[in-house]
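**Q** Structure in structure tokens, see below.
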Amino acid sequence: MKLDKYFKLKNDLETFNFEKNFNPLSRTLYYFSFLGNIFLILFSYFFIKDVTNSIPQLFPGQGLFFSIFIVLFMTGYELFKRFSFEQLTSTILRTRKFTTNVFVGILVTLSLVVGSFYLGLNGAHRLIDTSDAVVATTDQTVAAKADSIAKYYDKEIDFYRNQRATTRADRKYRDSIVAVLQTTKDTKIKEIESKTEDKSAAKVEELKQNDFAFAVMVFFLELIILIGVAFNAYYIWTSYDEMKNILSTPKYKQLELNLRLLKLYFQNGRKKEQDAVLAKTKLTALASSQKLNCNQKDINDFIALCSELEITAGNRRKKVYNMNYEKAKTIMETQEI
């Protein structure tokens, strides 16, 4: 294994950096959560549109108007729900205690989530609910088959009823045949009704299972949104807190001081490459006027560091800036103190 690869792996495996390690996960969850919002808007559309369709025609283009209104309303609703939950999560992470604002935020967010779940679930149900069509199809099928059977047996019954019977025995035989035909007709019609209704019941049961599946899907869509938004807020806060702790160490305090001195050294970027460097006494005076927490040793170390990093070049009699301010700042930020 090459040394540069070894040191890279060593840095990745032994140094825990929350911001670096969880950035891909945070971005994936956050942007994937928008997919949940899109599906919830779609499901809610079918529910609200079904309600608005029951409104009498009031003006031309009413259907298109309500369609656009529903999409815009639900988009705003979902974005407001995301914003509310994100602010609630950030407030909890920041305060780390239960306050009145947190309680109100929980109530508002919970109301928005419940409302979104209700609209999405009912919309999904309206989207897949074909029970009325199943019942209508069943009735039509039963009626058609029963009518066909009835026509056939009624024809046979009429045939035997119209047969002449001169004796009592003949009449009795004719009546028995008619009774058998009538019983057979009734039995076959009931069999047709039973078979068709069984198929209809199985179809309705399948629709109920689909309802349950869509309820679970809507629940997970809500969960994906909440996880994506909450983890993104947690990621931002934790990354900030991690960086804040890092910057409180002596190493980064020194870096912060050097960057502020560098800004003064370059006169807020007005000094260009090959310009004469600022005198040490003037730099000390500027640091004092800016109330920087540093002493003469810090300034001497800073000037020496600029020479080591080749930000400045030359000798004591004539020393100049070897680069512009932006490049010097980049080098200062990336160098190891």
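By order of appearance in the structure tokens: chains A, B, ..., then residues from 1 within every chain, and ligands from 1 in the order shown.
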Per residue of region 85-132 of chain A within 12 Å of region 209-229 of chain A, note the shortest atom pair and the distance in Å to one decimal, counting only C-alpha atoms, and order the rows by chain and increasing residue number, as a Markdown table.

**A**
| residue | atom | partner | partner_atom | distance |
| --- | --- | --- | --- | --- |
| A:Phe85 | CA | A:Val229 | CA | 7.2 |
| A:Glu86 | CA | A:Val229 | CA | 5.8 |
| A:Gln87 | CA | A:Val229 | CA | 9.6 |
| A:Leu88 | CA | A:Val229 | CA | 10.4 |
| A:Thr89 | CA | A:Val229 | CA | 8.6 |
| A:Ser90 | CA | A:Val229 | CA | 10.3 |
| A:Thr109 | CA | A:Leu226 | CA | 10.3 |
| A:Leu110 | CA | A:Leu226 | CA | 11.0 |
| A:Leu112 | CA | A:Glu222 | CA | 10.8 |
| A:Val113 | CA | A:Glu222 | CA | 7.4 |
| A:Val114 | CA | A:Glu222 | CA | 9.5 |
| A:Gly115 | CA | A:Glu222 | CA | 11.0 |
| A:Ser116 | CA | A:Glu222 | CA | 8.2 |
| A:Phe117 | CA | A:Val218 | CA | 6.8 |
| A:Tyr118 | CA | A:Val218 | CA | 9.3 |
| A:Leu119 | CA | A:Val218 | CA | 9.8 |
| A:Gly120 | CA | A:Val218 | CA | 6.5 |
| A:Leu121 | CA | A:Ala215 | CA | 5.9 |
| A:Asn122 | CA | A:Ala215 | CA | 9.0 |
| A:Gly123 | CA | A:Phe214 | CA | 9.9 |
| A:Ala124 | CA | A:Phe214 | CA | 6.5 |
| A:His125 | CA | A:Asp211 | CA | 6.1 |
| A:Arg126 | CA | A:Asp211 | CA | 9.7 |
| A:Leu127 | CA | A:Asp211 | CA | 10.0 |
| A:Ile128 | CA | A:Asn210 | CA | 7.8 |
| A:Asp129 | CA | A:Asp211 | CA | 8.1 |
| A:Thr130 | CA | A:Asn210 | CA | 11.1 |
| A:Ser131 | CA | A:Asp211 | CA | 11.6 |

**Q** Hey, can you spit out that residue selection with N, CA and C atoms as a tab-separated table (two decimals), in the first residue's frame?

**A**
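Okay, this is what ended up in out.tsv:
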chain	number	residue	atom	x	y	z
A	85	PHE	N	-41.66	21.75	10.67
A	85	PHE	CA	-40.96	20.66	11.34
A	85	PHE	C	-39.46	20.94	11.42
A	86	GLU	N	-38.91	21.57	10.39
A	86	GLU	CA	-37.49	21.92	10.41
A	86	GLU	C	-37.19	22.93	11.52
A	87	GLN	N	-38.07	23.94	11.66
A	87	GLN	CA	-37.88	24.94	12.71
A	87	GLN	C	-38.06	24.33	14.10
A	88	LEU	N	-39.02	23.40	14.22
A	88	LEU	CA	-39.23	22.73	15.50
A	88	LEU	C	-38.00	21.92	15.90
A	89	THR	N	-37.44	21.17	14.95
A	89	THR	CA	-36.25	20.36	15.23
A	89	THR	C	-35.07	21.25	15.60
A	90	SER	N	-34.89	22.34	14.86
A	90	SER	CA	-33.78	23.26	15.15
A	90	SER	C	-33.93	23.89	16.53
A	109	THR	N	-47.08	21.35	14.19
A	109	THR	CA	-46.49	20.36	13.28
A	109	THR	C	-47.32	19.08	13.26
A	110	LEU	N	-47.76	18.64	14.44
A	110	LEU	CA	-48.58	17.42	14.51
A	110	LEU	C	-49.89	17.60	13.75
A	112	LEU	N	-50.41	19.58	11.19
A	112	LEU	CA	-50.10	19.58	9.76
A	112	LEU	C	-49.84	18.17	9.24
A	113	VAL	N	-49.13	17.38	10.04
A	113	VAL	CA	-48.83	16.00	9.63
A	113	VAL	C	-50.10	15.16	9.58
A	114	VAL	N	-50.96	15.30	10.60
A	114	VAL	CA	-52.22	14.54	10.63
A	114	VAL	C	-53.10	14.94	9.45
A	115	GLY	N	-53.18	16.25	9.17
A	115	GLY	CA	-53.97	16.72	8.03
A	115	GLY	C	-53.44	16.19	6.72
A	116	SER	N	-52.14	16.21	6.56
A	116	SER	CA	-51.52	15.70	5.33
A	116	SER	C	-51.77	14.20	5.19
A	117	PHE	N	-51.65	13.46	6.30
A	117	PHE	CA	-51.90	12.02	6.26
A	117	PHE	C	-53.35	11.72	5.90
A	118	TYR	N	-54.27	12.48	6.47
A	118	TYR	CA	-55.70	12.28	6.19
A	118	TYR	C	-56.00	12.52	4.71
A	119	LEU	N	-55.52	13.64	4.19
A	119	LEU	CA	-55.78	13.97	2.78
A	119	LEU	C	-55.14	12.94	1.85
A	120	GLY	N	-53.88	12.56	2.16
A	120	GLY	CA	-53.19	11.59	1.31
A	120	GLY	C	-53.85	10.23	1.33
A	121	LEU	N	-54.27	9.79	2.53
A	121	LEU	CA	-54.89	8.46	2.66
A	121	LEU	C	-56.23	8.41	1.93
A	122	ASN	N	-57.06	9.44	2.12
A	122	ASN	CA	-58.36	9.46	1.44
A	122	ASN	C	-58.19	9.62	-0.06
A	123	GLY	N	-57.19	10.37	-0.47
A	123	GLY	CA	-56.93	10.50	-1.90
A	123	GLY	C	-56.51	9.18	-2.52
A	124	ALA	N	-55.65	8.44	-1.81
A	124	ALA	CA	-55.23	7.13	-2.30
A	124	ALA	C	-56.41	6.18	-2.38
A	125	HIS	N	-57.31	6.28	-1.39
A	125	HIS	CA	-58.51	5.43	-1.40
A	125	HIS	C	-59.40	5.77	-2.60
A	126	ARG	N	-59.59	7.07	-2.86
A	126	ARG	CA	-60.41	7.45	-4.01
A	126	ARG	C	-59.76	7.01	-5.32
A	127	LEU	N	-58.45	7.00	-5.33
A	127	LEU	CA	-57.73	6.64	-6.56
A	127	LEU	C	-57.92	5.18	-6.94
A	128	ILE	N	-57.96	4.29	-5.93
A	128	ILE	CA	-58.02	2.85	-6.23
A	128	ILE	C	-59.38	2.24	-5.95
A	129	ASP	N	-60.31	2.99	-5.34
A	129	ASP	CA	-61.59	2.43	-4.96
A	129	ASP	C	-62.48	2.25	-6.20
A	130	THR	N	-62.70	0.99	-6.57
A	130	THR	CA	-63.57	0.66	-7.70
A	130	THR	C	-64.70	-0.26	-7.24
A	131	SER	N	-65.04	-0.19	-5.94
A	131	SER	CA	-66.07	-1.08	-5.39
A	131	SER	C	-67.43	-0.83	-6.05

**Q** Within 10 Å of region 20-23 of chain A, counting only C-alpha atoms, which residues qualify if same-chain residues fewer than 3 places away don't, as a list of chain:residue names?

**A**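 So, after excluding close chain neighbours, the residues are A:Asp12, A:Phe16, A:Asn17, A:Ser26, A:Arg27, A:Thr28, A:Phe231, A:Asn232, A:Tyr235, A:Ile236, A:Ser239.
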
**Q** Please dump the current selection as a PDB file, in the first residue's frame; keep N, CA and C atoms.

**A**
ATOM      1  N   ASP A  12      -9.243   8.973   7.425  1.00  0.00           N
ATOM      2  CA  ASP A  12     -10.670   8.673   7.321  1.00  0.00           C
ATOM      3  C   ASP A  12     -11.156   7.765   8.439  1.00  0.00           C
ATOM      4  N   PHE A  16     -12.816  11.067  13.317  1.00  0.00           N
ATOM      5  CA  PHE A  16     -14.251  11.146  13.068  1.00  0.00           C
ATOM      6  C   PHE A  16     -14.646  12.586  12.763  1.00  0.00           C
ATOM      7  N   ASN A  17     -15.214  12.783  11.602  1.00  0.00           N
ATOM      8  CA  ASN A  17     -15.690  14.102  11.193  1.00  0.00           C
ATOM      9  C   ASN A  17     -17.154  13.960  10.803  1.00  0.00           C
ATOM     10  N   SER A  26     -27.174  12.908   4.607  1.00  0.00           N
ATOM     11  CA  SER A  26     -28.069  14.052   4.840  1.00  0.00           C
ATOM     12  C   SER A  26     -28.656  14.561   3.530  1.00  0.00           C
ATOM     13  N   ARG A  27     -27.825  14.721   2.522  1.00  0.00           N
ATOM     14  CA  ARG A  27     -28.308  15.221   1.226  1.00  0.00           C
ATOM     15  C   ARG A  27     -29.282  14.228   0.592  1.00  0.00           C
ATOM     16  N   THR A  28     -28.974  12.919   0.689  1.00  0.00           N
ATOM     17  CA  THR A  28     -29.852  11.902   0.095  1.00  0.00           C
ATOM     18  C   THR A  28     -31.221  11.907   0.755  1.00  0.00           C
ATOM     19  N   PHE A 231     -33.356  15.063   9.985  1.00  0.00           N
ATOM     20  CA  PHE A 231     -31.936  14.723   9.940  1.00  0.00           C
ATOM     21  C   PHE A 231     -31.126  15.852   9.315  1.00  0.00           C
ATOM     22  N   ASN A 232     -31.705  16.544   8.338  1.00  0.00           N
ATOM     23  CA  ASN A 232     -30.990  17.677   7.744  1.00  0.00           C
ATOM     24  C   ASN A 232     -30.772  18.783   8.781  1.00  0.00           C
ATOM     25  N   TYR A 235     -28.165  17.527  11.146  1.00  0.00           N
ATOM     26  CA  TYR A 235     -26.851  17.551  10.495  1.00  0.00           C
ATOM     27  C   TYR A 235     -26.265  18.962  10.508  1.00  0.00           C
ATOM     28  N   ILE A 236     -27.087  19.952  10.168  1.00  0.00           N
ATOM     29  CA  ILE A 236     -26.607  21.340  10.143  1.00  0.00           C
ATOM     30  C   ILE A 236     -26.181  21.781  11.539  1.00  0.00           C
ATOM     31  N   SER A 239     -23.020  19.807  12.736  1.00  0.00           N
ATOM     32  CA  SER A 239     -21.829  20.258  12.013  1.00  0.00           C
ATOM     33  C   SER A 239     -21.358  21.607  12.555  1.00  0.00           C
TER      34      SER A 239
END
